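Chemist: Submitted below is the structure of interest, expressed as structure tokens.
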Amino acid sequence: MPGKHVASATDEVCRRCKDNISVLIVRSEPLCHECFARYVHTKAIKRLESFRVNFAASVDQQRRILLPLSFGASSTTLLHILDLHLKTQKSKTGRTGFAINVLCVDEVDQVSACASRLELVRDQYPDHDYTSLPLHHVFRLIPNDSSLGALVPSSSDDDDADSKTKLFRLTASLPSASAHADVLYTLRARLIVEYAKQNACESILWGDSTTKLAEKTLAETAKGRGFSLPWQISDGPSPMGINFHYPLRDVLKKELLSYIELAQPTLTLLVHEPSPGATQASTSSKNTTIDDLMKQYFESVEENFPSIVSNVVRTTGKLEVPASSISELRCSLCSKPVPGGRFGIHGWGGDQHDGVESPSTVIYPGQLCYGCTRSLPQTRAETRIA
Amino acid sequence: MPPTPCALCHTNRALILRPKDHSKLCKTCFITVFETEIHHTITTNALFARGEKIAIGASGGKDSTVLASVLKTLNERYDYGLDLILLSIDEGIKGYRDDSLETVKRNAEQYGMELTILGYDELYGWTMDQVVEQVGKKGNCTYCGVFRRQALDRGAARLGVKHVVTGHNADDVAETVLMNLLRGDLPRLSRTTSIITSTPSASSDPASNTNIKRSKPLKYAYEKEIVLYAHHKNLDYFSTECIYSPEAFRGSARALIKNLERVRPSAILDVVRSGEDMAKLVPGSDEGCGGTCSSNRPVAEEEEGGCGSAAGRTVGGDMASVEKQLAQNETATNNDLEVEITSPRPSTKNGAVPLSNGKKAKKGITPKKTNKQVMGQCKRCGYLSSQEVCKACVLLEGLNKARPKNKIEVGYDVQELQQRDQGVDGVADAMQQTSIGGE
Ligand SMILES: [Zn+2]
Ligand SMILES: [Zn+2]
Ligand SMILES: [Zn+2]
Ligand SMILES: [Zn+2]
């Protein structure tokens, strides 16, 4: 666990309660333990305004949300805070505003590690429903005839490969570490969305901190998915057919780490977070990904310029997709609407070849958005230079 | 191992690993494909019209030298029918431009192009050396940056040229996209991604500064390929590190771009693509076409940050001041909310804060709106500006006020300027502040 994220205690009195001695400086304010905890909680809970207890609803109309848990600092803290929040609601009103489904996606077939971690979490927060799914189930959950399946390189011997084989085939041919990370991340998101929809969850509560959202903004920009940013940063309805919420959007990553460190030791035990600077180590190697670069960058920016990090997220949140231009044409991998049907990496100014600009108006399986085409090149058969 | 054949002609030996896509090419094919791609950019964006007179902003550096060379080649090969001239700006810093201007003079001969060198003294009535003498070493970078941004347009207007091309490349555009994301400046992000920028033709005066079209034919060309092209064509350019260190936002965006390119060569182009797409999502941007349609988009004074804009400032200085400004704004907007939530001191048994008084909590949520930057014209010089008086004119006002005896002709009557109660330093400070706010 990170060690020195709690700024050395000052002698100053907490600026909020003017009572206790502060334990750390938060955005230039010295805060005591209690006020800091409240600071983090407030920031998270105020984002969940729409999930207040509805006394008019009957008990079987309980609203259900999905919380994807990666055991990292952010999603684990979010679960911790929501658990407290529901307990408070319950003690005050006798009921809760919503119920939580926790989903853990097992990316690397470490079923046992995932399962044992999930058991610890369940012991700690027993009031919620828990599920663990291996990543390859994305091919099971999403209907078989979907365009996602069309992306899997087919093999002559069997057309009915099981989902595990499909995932293996899809990822085996990826050209780089960046592509690998990107495709896994995308599939994970799709599995989560699909699971949430099939289990009657009305919203997904993502754990992303301010810092993570800023990383995502720049990483997606770098991957050529600038067009999709409004759907990846904003609270509210998403084109994936379910609501997205980012309750920790106003809390910095370093603040979450401090929170965990100051919280009961039980929380610390649940978090499996690479220590800050771990991304640093891999920069020289070929295995560095675009996500790593951005993570590393914002880890350093948030140290001295936290407001700049917040401002990146706030600014990106202002991007708007004009309702008129929301396309029905979807990317087969990430499933995001592709504006104007501009699939692939050809036929725009930066292509600089005499390719005809011909936006598709029909969907055929396997069509990818610009960013997904970079990660999963479909041009192997083509001779044109990207 | 046999030598690798060129991926295009399959005949010659491949000697060049193309930075953009890592294809292996021979020298001839590289040069051809590089030129053909720029031709493609020019034709698909309809950058030029037959018979048009084009001023190439020439600094003697690699980008503008390659631009001049390629445009000359393409103009002849494809018969664009363009009248190409070189336009250089001399800031008037003793010794600083000597070598680069010599390079430009040689280029003019090599390419058979007419060359005009315009000094800050001719354009503004002040050389940079005189500015430094007047304001001291400290604030002069503000002047140089602001003057530089307008210099090409003003120069072109003097020559009666309506179209200036600059050597901005894909790396520059990508860097600007990331920089404006980091600075939180959507309007500028939106403007700088388009290949053509142009001031609205509000004035009928042909010598007006407002009618100049600007374009960047190298917008999609990788910096590394520009260097390779210059090298393999034996171009005569002046290679020097800029004497200024970039401001921190630009510097850190530049570092990110370099790292990204290492991880995924296409990333520079991918950032440019994202920038074009995001331009369409900026509320209030009327285009809806991003950089893909070549409609006229106003160019703002500060579009080209360049490297000169922060000389003398410490690296990180601009980030620190933006941070400070943002933190203050945050405190201001959060105050209501903070008071509301902290003062009732709800039960803190387990630290959770129930949001029972829900109605007001919305205050902390930033409303979804972007201040639309309204572009107008400077009252004094007619240059496009978001302010009533453009930055150059504000600075000149300060300078000229401190030197009232010399009346200077800058295309408008300096003496008519309203005299404000601001010393030279006051003006410089004010400039600093407006640029930090990012408008
Ligand atoms: Zn306190
Ligand atoms: Zn996609
Ligand atoms: Zn060849
Ligand atoms: Zn002016």
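Each chain in the structure tokens gets a letter, A, B, ..., in the order shown, and its residues are numbered from 1; ligands are numbered from 1 in order too.
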Show me which residues are within 6 Å of ligand 4 counting only C-alpha atoms and all ligand atoms, and format the list as a list in words.
Modeler: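 For ligand 4, the residues inside 6 Å are Cys378, Arg380, Cys381, Gly382, Tyr383, Val389, Cys390, Ala392 and Cys393 of chain B.
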Chemist: Quick one: residues within 12 Å of Ala200 in chain A, only C-alpha atoms, excluding same-chain residues fewer than 4 positions away - as a list of chain:residue names?
Modeler: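 Within the cut-off, the hits are A:Gln61, A:Gln62, A:Arg63, A:Arg64, A:Ile65, A:Leu66, A:Ala99, A:Ile100, A:Asn101, A:Val193, A:Glu194, A:Tyr195, A:Ala196, A:Ile204, A:Gly241, A:Ile242, A:Asn243.
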Chemist: Save the residues we just selected, all heavy atoms, as a compact mmCIF listing (two decimals), in the first residue's frame?
Modeler:
# COMPACT_ATOMS: atom_id res chain seq x y z
N GLN A 61 -40.03 -2.34 -5.69
CA GLN A 61 -39.58 -1.45 -6.76
C GLN A 61 -38.18 -0.91 -6.47
O GLN A 61 -37.79 0.12 -7.00
CB GLN A 61 -40.53 -0.26 -6.92
CG GLN A 61 -41.83 -0.62 -7.61
CD GLN A 61 -42.76 0.58 -7.66
OE1 GLN A 61 -43.10 1.14 -6.62
NE2 GLN A 61 -43.14 0.99 -8.85
N GLN A 62 -37.48 -1.58 -5.62
CA GLN A 62 -36.14 -1.14 -5.23
C GLN A 62 -35.28 -0.87 -6.47
O GLN A 62 -35.20 -1.71 -7.37
CB GLN A 62 -35.48 -2.25 -4.38
CG GLN A 62 -34.08 -1.95 -3.94
CD GLN A 62 -34.02 -0.88 -2.86
OE1 GLN A 62 -34.26 0.29 -3.13
NE2 GLN A 62 -33.69 -1.26 -1.65
N ARG A 63 -34.69 0.31 -6.49
CA ARG A 63 -33.80 0.62 -7.62
C ARG A 63 -32.49 -0.12 -7.43
O ARG A 63 -32.01 -0.29 -6.32
CB ARG A 63 -33.56 2.13 -7.67
CG ARG A 63 -34.83 2.90 -7.87
CD ARG A 63 -34.62 4.37 -7.59
NE ARG A 63 -33.90 5.03 -8.68
CZ ARG A 63 -33.53 6.31 -8.62
NH1 ARG A 63 -33.79 7.02 -7.54
NH2 ARG A 63 -32.90 6.86 -9.62
N ARG A 64 -31.92 -0.49 -8.54
CA ARG A 64 -30.74 -1.31 -8.49
C ARG A 64 -29.63 -0.65 -9.31
O ARG A 64 -29.86 -0.18 -10.42
CB ARG A 64 -31.10 -2.69 -9.08
CG ARG A 64 -30.16 -3.80 -8.75
CD ARG A 64 -30.87 -5.15 -8.83
NE ARG A 64 -31.42 -5.56 -7.55
CZ ARG A 64 -30.67 -5.96 -6.51
NH1 ARG A 64 -29.35 -6.01 -6.62
NH2 ARG A 64 -31.23 -6.32 -5.38
N ILE A 65 -28.45 -0.58 -8.74
CA ILE A 65 -27.31 -0.04 -9.50
C ILE A 65 -26.20 -1.08 -9.54
O ILE A 65 -26.13 -1.95 -8.68
CB ILE A 65 -26.80 1.30 -8.92
CG1 ILE A 65 -26.30 1.14 -7.49
CG2 ILE A 65 -27.84 2.38 -8.99
CD1 ILE A 65 -24.83 0.97 -7.37
N LEU A 66 -25.36 -0.93 -10.54
CA LEU A 66 -24.24 -1.86 -10.66
C LEU A 66 -22.94 -1.12 -10.32
O LEU A 66 -22.71 -0.01 -10.77
CB LEU A 66 -24.11 -2.41 -12.07
CG LEU A 66 -23.02 -3.48 -12.16
CD1 LEU A 66 -23.57 -4.84 -11.79
CD2 LEU A 66 -22.37 -3.52 -13.52
N ALA A 99 -30.29 -0.48 -4.26
CA ALA A 99 -29.54 -1.68 -3.88
C ALA A 99 -28.36 -1.84 -4.83
O ALA A 99 -28.41 -1.37 -5.97
CB ALA A 99 -30.45 -2.90 -3.98
N ILE A 100 -27.32 -2.47 -4.34
CA ILE A 100 -26.08 -2.54 -5.12
C ILE A 100 -25.79 -3.96 -5.59
O ILE A 100 -25.82 -4.91 -4.80
CB ILE A 100 -24.88 -2.05 -4.26
CG1 ILE A 100 -25.12 -0.62 -3.77
CG2 ILE A 100 -23.59 -2.13 -5.07
CD1 ILE A 100 -24.04 -0.12 -2.83
N ASN A 101 -25.50 -4.08 -6.87
CA ASN A 101 -24.91 -5.29 -7.42
C ASN A 101 -23.44 -5.02 -7.65
O ASN A 101 -23.10 -4.08 -8.37
CB ASN A 101 -25.52 -5.63 -8.79
CG ASN A 101 -26.72 -6.53 -8.68
OD1 ASN A 101 -27.37 -6.56 -7.64
ND2 ASN A 101 -27.02 -7.22 -9.75
N VAL A 193 -21.56 -3.42 -18.96
CA VAL A 193 -22.80 -2.82 -19.43
C VAL A 193 -23.85 -3.91 -19.70
O VAL A 193 -25.00 -3.80 -19.28
CB VAL A 193 -22.54 -1.99 -20.72
CG1 VAL A 193 -23.85 -1.67 -21.43
CG2 VAL A 193 -21.78 -0.71 -20.38
N GLU A 194 -23.41 -4.95 -20.37
CA GLU A 194 -24.35 -6.01 -20.74
C GLU A 194 -24.91 -6.70 -19.49
O GLU A 194 -26.11 -6.96 -19.39
CB GLU A 194 -23.64 -7.01 -21.65
CG GLU A 194 -24.57 -7.85 -22.51
CD GLU A 194 -25.50 -7.01 -23.38
OE1 GLU A 194 -25.08 -5.92 -23.85
OE2 GLU A 194 -26.66 -7.44 -23.57
N TYR A 195 -24.02 -6.97 -18.56
CA TYR A 195 -24.46 -7.61 -17.33
C TYR A 195 -25.47 -6.73 -16.58
O TYR A 195 -26.50 -7.19 -16.10
CB TYR A 195 -23.26 -7.92 -16.42
CG TYR A 195 -23.66 -8.54 -15.11
CD1 TYR A 195 -23.88 -9.92 -15.01
CD2 TYR A 195 -23.85 -7.75 -13.98
CE1 TYR A 195 -24.29 -10.48 -13.81
CE2 TYR A 195 -24.26 -8.30 -12.78
CZ TYR A 195 -24.47 -9.67 -12.70
OH TYR A 195 -24.88 -10.23 -11.52
N ALA A 196 -25.14 -5.42 -16.52
CA ALA A 196 -26.01 -4.49 -15.81
C ALA A 196 -27.40 -4.48 -16.44
O ALA A 196 -28.42 -4.52 -15.74
CB ALA A 196 -25.40 -3.09 -15.82
N ILE A 204 -24.90 2.41 -13.90
CA ILE A 204 -23.61 1.88 -13.50
C ILE A 204 -22.86 2.99 -12.77
O ILE A 204 -22.78 4.11 -13.27
CB ILE A 204 -22.79 1.39 -14.71
CG1 ILE A 204 -23.55 0.28 -15.43
CG2 ILE A 204 -21.41 0.91 -14.28
CD1 ILE A 204 -22.91 -0.20 -16.71
N GLY A 241 -27.31 2.55 -23.58
CA GLY A 241 -28.63 2.12 -23.14
C GLY A 241 -28.76 1.97 -21.64
O GLY A 241 -29.63 1.25 -21.15
N ILE A 242 -27.90 2.64 -20.91
CA ILE A 242 -27.95 2.57 -19.45
C ILE A 242 -27.30 3.86 -18.93
O ILE A 242 -26.51 4.48 -19.64
CB ILE A 242 -27.23 1.30 -18.93
CG1 ILE A 242 -27.50 1.08 -17.44
CG2 ILE A 242 -25.73 1.36 -19.21
CD1 ILE A 242 -27.15 -0.33 -16.98
N ASN A 243 -27.66 4.26 -17.70
CA ASN A 243 -27.06 5.48 -17.16
C ASN A 243 -25.66 5.22 -16.62
O ASN A 243 -25.41 4.18 -16.02
CB ASN A 243 -27.92 6.03 -16.02
CG ASN A 243 -29.27 6.47 -16.51
OD1 ASN A 243 -29.39 7.10 -17.55
ND2 ASN A 243 -30.32 6.10 -15.76
Chemist: Please check the contacts: residues of chain A at most 7 Å away from chain B, using only C-alpha atoms, listed as a count of residues only.
Modeler: 35
Chemist: How close does range 43-148 of chain A get to range 164-184 of chain A? List, as JSON lines, each residue of range 43-148 of chain A within 8 Å, its nearest atom pair and the distance in Å to one decimal, counting only C-alpha atoms.
Modeler:
{"residue": "A:Glu107", "atom": "CA", "partner": "A:Leu184", "partner_atom": "CA", "distance": 7.7}
{"residue": "A:His136", "atom": "CA", "partner": "A:Lys164", "partner_atom": "CA", "distance": 5.3}
{"residue": "A:His137", "atom": "CA", "partner": "A:Lys164", "partner_atom": "CA", "distance": 7.7}
{"residue": "A:Phe139", "atom": "CA", "partner": "A:Lys166", "partner_atom": "CA", "distance": 7.6}
Chemist: Could you list, as a count of residues only, all residues that come within 6 Å of ligand 2? Count only C-alpha atoms and all ligand atoms.
Modeler: 8
Chemist: Check every protein, DNA and RNA residue against ligand 1, keep those with an atom at most 8 Å away (counting only C-alpha atoms and all ligand atoms), and present them as a VMD selection string.
Modeler: chain A and resid 13 to 22 31 to 36
Chemist: Would you mind exporting all heavy atoms of the selected residues as a compact mmCIF listing (two decimals), in the first residue's frame?
Modeler:
# COMPACT_ATOMS: atom_id res chain seq x y z
N VAL A 13 -4.71 23.85 13.21
CA VAL A 13 -6.05 23.41 13.55
C VAL A 13 -6.84 23.21 12.25
O VAL A 13 -6.60 23.89 11.27
CB VAL A 13 -6.73 24.47 14.45
CG1 VAL A 13 -8.23 24.25 14.53
CG2 VAL A 13 -6.11 24.48 15.83
N CYS A 14 -7.72 22.25 12.25
CA CYS A 14 -8.54 21.96 11.08
C CYS A 14 -9.31 23.22 10.67
O CYS A 14 -9.92 23.87 11.51
CB CYS A 14 -9.53 20.84 11.40
SG CYS A 14 -10.80 20.63 10.16
N ARG A 15 -9.26 23.53 9.39
CA ARG A 15 -9.88 24.76 8.96
C ARG A 15 -11.40 24.69 8.95
O ARG A 15 -12.08 25.71 8.96
CB ARG A 15 -9.34 25.17 7.58
CG ARG A 15 -9.79 26.55 7.20
CD ARG A 15 -8.88 27.30 6.28
NE ARG A 15 -7.46 27.26 6.58
CZ ARG A 15 -6.52 27.52 5.66
NH1 ARG A 15 -6.87 27.79 4.43
NH2 ARG A 15 -5.24 27.48 5.98
N ARG A 16 -11.92 23.49 8.95
CA ARG A 16 -13.39 23.40 8.87
C ARG A 16 -14.04 23.40 10.25
O ARG A 16 -14.91 24.20 10.52
CB ARG A 16 -13.79 22.15 8.12
CG ARG A 16 -13.25 22.19 6.70
CD ARG A 16 -14.21 21.61 5.69
NE ARG A 16 -13.69 21.92 4.37
CZ ARG A 16 -14.11 21.36 3.24
NH1 ARG A 16 -15.06 20.45 3.28
NH2 ARG A 16 -13.59 21.71 2.10
N CYS A 17 -13.62 22.48 11.11
CA CYS A 17 -14.29 22.42 12.42
C CYS A 17 -13.61 23.35 13.42
O CYS A 17 -14.17 23.63 14.46
CB CYS A 17 -14.29 20.99 12.95
SG CYS A 17 -12.64 20.33 13.24
N LYS A 18 -12.45 23.84 13.08
CA LYS A 18 -11.68 24.74 13.94
C LYS A 18 -11.52 24.14 15.33
O LYS A 18 -11.50 24.85 16.34
CB LYS A 18 -12.37 26.11 14.06
CG LYS A 18 -12.90 26.64 12.74
CD LYS A 18 -12.22 27.94 12.37
CE LYS A 18 -12.80 28.66 11.16
NZ LYS A 18 -12.97 27.92 9.94
N ASP A 19 -11.47 22.84 15.39
CA ASP A 19 -11.52 22.16 16.66
C ASP A 19 -10.35 21.20 16.79
O ASP A 19 -9.48 21.34 17.64
CB ASP A 19 -12.85 21.37 16.72
CG ASP A 19 -13.43 21.39 18.11
OD1 ASP A 19 -12.78 21.99 18.99
OD2 ASP A 19 -14.51 20.81 18.31
N ASN A 20 -10.33 20.24 15.86
CA ASN A 20 -9.30 19.21 15.92
C ASN A 20 -8.01 19.66 15.23
O ASN A 20 -8.01 20.60 14.45
CB ASN A 20 -9.80 17.94 15.22
CG ASN A 20 -11.09 17.47 15.85
OD1 ASN A 20 -11.30 17.60 17.05
ND2 ASN A 20 -11.99 16.95 15.01
N ILE A 21 -6.96 18.93 15.55
CA ILE A 21 -5.70 19.16 14.87
C ILE A 21 -5.78 18.50 13.49
O ILE A 21 -6.30 17.39 13.34
CB ILE A 21 -4.53 18.54 15.69
CG1 ILE A 21 -4.36 19.32 17.00
CG2 ILE A 21 -3.24 18.54 14.89
CD1 ILE A 21 -3.87 20.75 16.82
N SER A 22 -5.28 19.20 12.48
CA SER A 22 -5.38 18.65 11.13
C SER A 22 -4.42 17.49 10.95
O SER A 22 -3.37 17.41 11.59
CB SER A 22 -5.07 19.75 10.12
OG SER A 22 -3.76 20.21 10.31
N LEU A 31 -7.01 19.81 7.17
CA LEU A 31 -8.24 19.18 7.64
C LEU A 31 -7.94 18.10 8.67
O LEU A 31 -6.90 17.44 8.62
CB LEU A 31 -9.00 18.53 6.48
CG LEU A 31 -9.56 19.43 5.38
CD1 LEU A 31 -10.39 18.61 4.40
CD2 LEU A 31 -10.40 20.55 5.96
N CYS A 32 -8.87 17.93 9.58
CA CYS A 32 -8.72 16.85 10.54
C CYS A 32 -9.27 15.57 9.91
O CYS A 32 -9.89 15.59 8.85
CB CYS A 32 -9.47 17.17 11.83
SG CYS A 32 -11.26 17.09 11.68
N HIS A 33 -9.05 14.47 10.57
CA HIS A 33 -9.47 13.16 10.10
C HIS A 33 -10.95 13.15 9.73
O HIS A 33 -11.35 12.76 8.63
CB HIS A 33 -9.17 12.16 11.23
CG HIS A 33 -9.32 10.74 10.83
ND1 HIS A 33 -10.54 10.18 10.53
CD2 HIS A 33 -8.39 9.76 10.67
CE1 HIS A 33 -10.36 8.91 10.21
NE2 HIS A 33 -9.07 8.63 10.28
N GLU A 34 -11.74 13.64 10.66
CA GLU A 34 -13.18 13.57 10.49
C GLU A 34 -13.66 14.46 9.33
O GLU A 34 -14.48 14.06 8.51
CB GLU A 34 -13.83 14.03 11.79
CG GLU A 34 -15.23 13.55 12.00
CD GLU A 34 -15.67 13.87 13.43
OE1 GLU A 34 -15.26 13.13 14.36
OE2 GLU A 34 -16.37 14.87 13.60
N CYS A 35 -13.12 15.68 9.29
CA CYS A 35 -13.55 16.61 8.24
C CYS A 35 -13.09 16.13 6.87
O CYS A 35 -13.76 16.35 5.86
CB CYS A 35 -13.04 18.02 8.53
SG CYS A 35 -13.88 18.77 9.94
N PHE A 36 -11.94 15.47 6.84
CA PHE A 36 -11.47 14.95 5.55
C PHE A 36 -12.40 13.84 5.07
O PHE A 36 -12.77 13.78 3.90
CB PHE A 36 -10.03 14.46 5.67
CG PHE A 36 -9.53 13.77 4.42
CD1 PHE A 36 -9.46 14.46 3.21
CD2 PHE A 36 -9.16 12.43 4.43
CE1 PHE A 36 -9.02 13.84 2.05
CE2 PHE A 36 -8.73 11.80 3.28
CZ PHE A 36 -8.66 12.50 2.09
Chemist: Which residues are near ligand 3 - at most 7 Å, using only C-alpha atoms and all ligand atoms? Format: as a ChimeraX atom specification.
Modeler: /B:6-12,14,25-29
Chemist: Enumerate as a ChimeraX atom specification all residues of range 59-120 of chain A assigned to alpha helix (DSSP H) by DSSP on the backbone, naming them with the chain letters and numbers the document uses.
Modeler: /A:73-93,111-120
Chemist: Could those selected residues go to a file with N, CA, C and O atoms, as a tab-separated table (two decimals), in the first residue's frame?
Modeler:
chain	number	residue	atom	x	y	z
A	73	ALA	N	-8.06	1.29	-5.71
A	73	ALA	CA	-8.40	2.26	-4.67
A	73	ALA	C	-9.76	2.90	-4.91
A	73	ALA	O	-10.56	3.07	-3.99
A	74	SER	N	-10.05	3.22	-6.18
A	74	SER	CA	-11.25	4.00	-6.45
A	74	SER	C	-12.52	3.19	-6.29
A	74	SER	O	-13.42	3.58	-5.54
A	75	SER	N	-12.60	2.06	-6.97
A	75	SER	CA	-13.87	1.32	-6.90
A	75	SER	C	-14.10	0.75	-5.50
A	75	SER	O	-15.24	0.69	-5.02
A	76	THR	N	-13.02	0.36	-4.83
A	76	THR	CA	-13.20	-0.18	-3.47
A	76	THR	C	-13.67	0.92	-2.52
A	76	THR	O	-14.57	0.70	-1.70
A	77	THR	N	-13.08	2.11	-2.65
A	77	THR	CA	-13.51	3.21	-1.81
A	77	THR	C	-14.96	3.59	-2.11
A	77	THR	O	-15.74	3.88	-1.20
A	78	LEU	N	-15.31	3.57	-3.38
A	78	LEU	CA	-16.70	3.89	-3.73
A	78	LEU	C	-17.66	2.92	-3.05
A	78	LEU	O	-18.67	3.33	-2.47
A	79	LEU	N	-17.31	1.64	-3.09
A	79	LEU	CA	-18.17	0.66	-2.42
A	79	LEU	C	-18.25	0.96	-0.92
A	79	LEU	O	-19.34	0.92	-0.32
A	80	HIS	N	-17.11	1.27	-0.33
A	80	HIS	CA	-17.06	1.58	1.09
A	80	HIS	C	-17.99	2.76	1.43
A	80	HIS	O	-18.77	2.71	2.37
A	81	ILE	N	-17.89	3.81	0.62
A	81	ILE	CA	-18.69	5.01	0.87
A	81	ILE	C	-20.18	4.73	0.66
A	81	ILE	O	-21.03	5.14	1.45
A	82	LEU	N	-20.49	3.99	-0.40
A	82	LEU	CA	-21.90	3.69	-0.67
A	82	LEU	C	-22.48	2.81	0.42
A	82	LEU	O	-23.64	2.96	0.82
A	83	ASP	N	-21.67	1.89	0.91
A	83	ASP	CA	-22.12	1.02	1.99
A	83	ASP	C	-22.48	1.85	3.22
A	83	ASP	O	-23.55	1.67	3.82
A	84	LEU	N	-21.61	2.80	3.56
A	84	LEU	CA	-21.89	3.70	4.68
A	84	LEU	C	-23.17	4.50	4.42
A	84	LEU	O	-24.01	4.68	5.30
A	85	HIS	N	-23.26	4.97	3.20
A	85	HIS	CA	-24.38	5.82	2.81
A	85	HIS	C	-25.71	5.06	2.96
A	85	HIS	O	-26.67	5.58	3.53
A	86	LEU	N	-25.72	3.83	2.48
A	86	LEU	CA	-26.96	3.04	2.57
A	86	LEU	C	-27.28	2.72	4.03
A	86	LEU	O	-28.45	2.72	4.42
A	87	LYS	N	-26.24	2.45	4.81
A	87	LYS	CA	-26.48	2.19	6.24
A	87	LYS	C	-27.11	3.40	6.91
A	87	LYS	O	-28.02	3.28	7.73
A	88	THR	N	-26.60	4.58	6.57
A	88	THR	CA	-27.14	5.80	7.14
A	88	THR	C	-28.60	5.99	6.73
A	88	THR	O	-29.46	6.31	7.55
A	89	GLN	N	-28.84	5.78	5.44
A	89	GLN	CA	-30.22	5.90	4.96
A	89	GLN	C	-31.13	4.95	5.72
A	89	GLN	O	-32.22	5.32	6.17
A	90	LYS	N	-30.66	3.74	5.87
A	90	LYS	CA	-31.47	2.71	6.51
A	90	LYS	C	-31.78	3.08	7.96
A	90	LYS	O	-32.91	2.97	8.43
A	91	SER	N	-30.73	3.55	8.66
A	91	SER	CA	-30.95	3.86	10.08
A	91	SER	C	-31.87	5.07	10.24
A	91	SER	O	-32.56	5.20	11.23
A	92	LYS	N	-31.86	5.94	9.24
A	92	LYS	CA	-32.68	7.14	9.38
A	92	LYS	C	-34.10	6.94	8.89
A	92	LYS	O	-35.03	7.53	9.40
A	93	THR	N	-34.24	6.16	7.83
A	93	THR	CA	-35.55	6.08	7.19
A	93	THR	C	-36.09	4.66	7.17
A	93	THR	O	-37.22	4.44	6.74
A	111	VAL	N	-9.04	-16.83	-11.60
A	111	VAL	CA	-10.33	-16.99	-10.94
A	111	VAL	C	-10.18	-17.07	-9.43
A	111	VAL	O	-10.93	-16.46	-8.68
A	112	SER	N	-9.17	-17.79	-8.98
A	112	SER	CA	-9.05	-17.98	-7.54
A	112	SER	C	-8.70	-16.68	-6.82
A	112	SER	O	-9.28	-16.37	-5.80
A	113	ALA	N	-7.78	-15.91	-7.40
A	113	ALA	CA	-7.40	-14.64	-6.78
A	113	ALA	C	-8.61	-13.74	-6.68
A	113	ALA	O	-8.89	-13.16	-5.63
A	114	CYS	N	-9.33	-13.66	-7.77
A	114	CYS	CA	-10.51	-12.80	-7.82
A	114	CYS	C	-11.53	-13.27	-6.80
A	114	CYS	O	-12.08	-12.47	-6.04
A	115	ALA	N	-11.75	-14.57	-6.77
A	115	ALA	CA	-12.76	-15.11	-5.87
A	115	ALA	C	-12.42	-14.84	-4.41
A	115	ALA	O	-13.27	-14.46	-3.61
A	116	SER	N	-11.16	-15.03	-4.06
A	116	SER	CA	-10.81	-14.83	-2.65
A	116	SER	C	-10.87	-13.36	-2.27
A	116	SER	O	-11.26	-13.01	-1.16
A	117	ARG	N	-10.47	-12.50	-3.21
A	117	ARG	CA	-10.60	-11.07	-2.92
A	117	ARG	C	-12.06	-10.68	-2.73
A	117	ARG	O	-12.41	-9.91	-1.85
A	118	LEU	N	-12.89	-11.24	-3.59
A	118	LEU	CA	-14.30	-10.90	-3.53
A	118	LEU	C	-14.91	-11.39	-2.22
A	118	LEU	O	-15.78	-10.74	-1.65
A	119	GLU	N	-14.44	-12.54	-1.73
A	119	GLU	CA	-14.95	-13.06	-0.46
A	119	GLU	C	-14.66	-12.08	0.67
A	119	GLU	O	-15.51	-11.81	1.52
A	120	LEU	N	-13.44	-11.55	0.67
A	120	LEU	CA	-13.07	-10.57	1.70
A	120	LEU	C	-14.00	-9.37	1.66
A	120	LEU	O	-14.45	-8.88	2.69
Chemist: Val227 in chain B: which residues within 12 Å, counting only C-alpha atoms, same-chain residues fewer than 3 positions away excluded, as a list in words?
Modeler: Arg18, Pro19, Ile31, Phe34, Gly61, Lys62, Asp63, Ser64, Thr65, Val66, Leu67, Asn169, Ala221, Tyr222, Glu223, Lys224, Ala230, His231, His232, Lys233, Asn234, Leu235, Asp236, Tyr237, Phe238 and Ser239 of chain B
Chemist: Would you mind telling me which residue in A:Glu220, A:Gly317, A:Ile25, A:Phe51 lies nearest to Ser375 in chain A when using only C-alpha atoms?
Modeler: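 So, comparing all the options, the nearest one is A:Glu220.
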Chemist: Let me make sure I understand: among A:Glu299, A:Asp129, A:Asp123, A:Asp208, which one has the smallest atom-to-atom distance to Val102 in chain A if we use only C-alpha atoms?
Modeler: A:Asp129
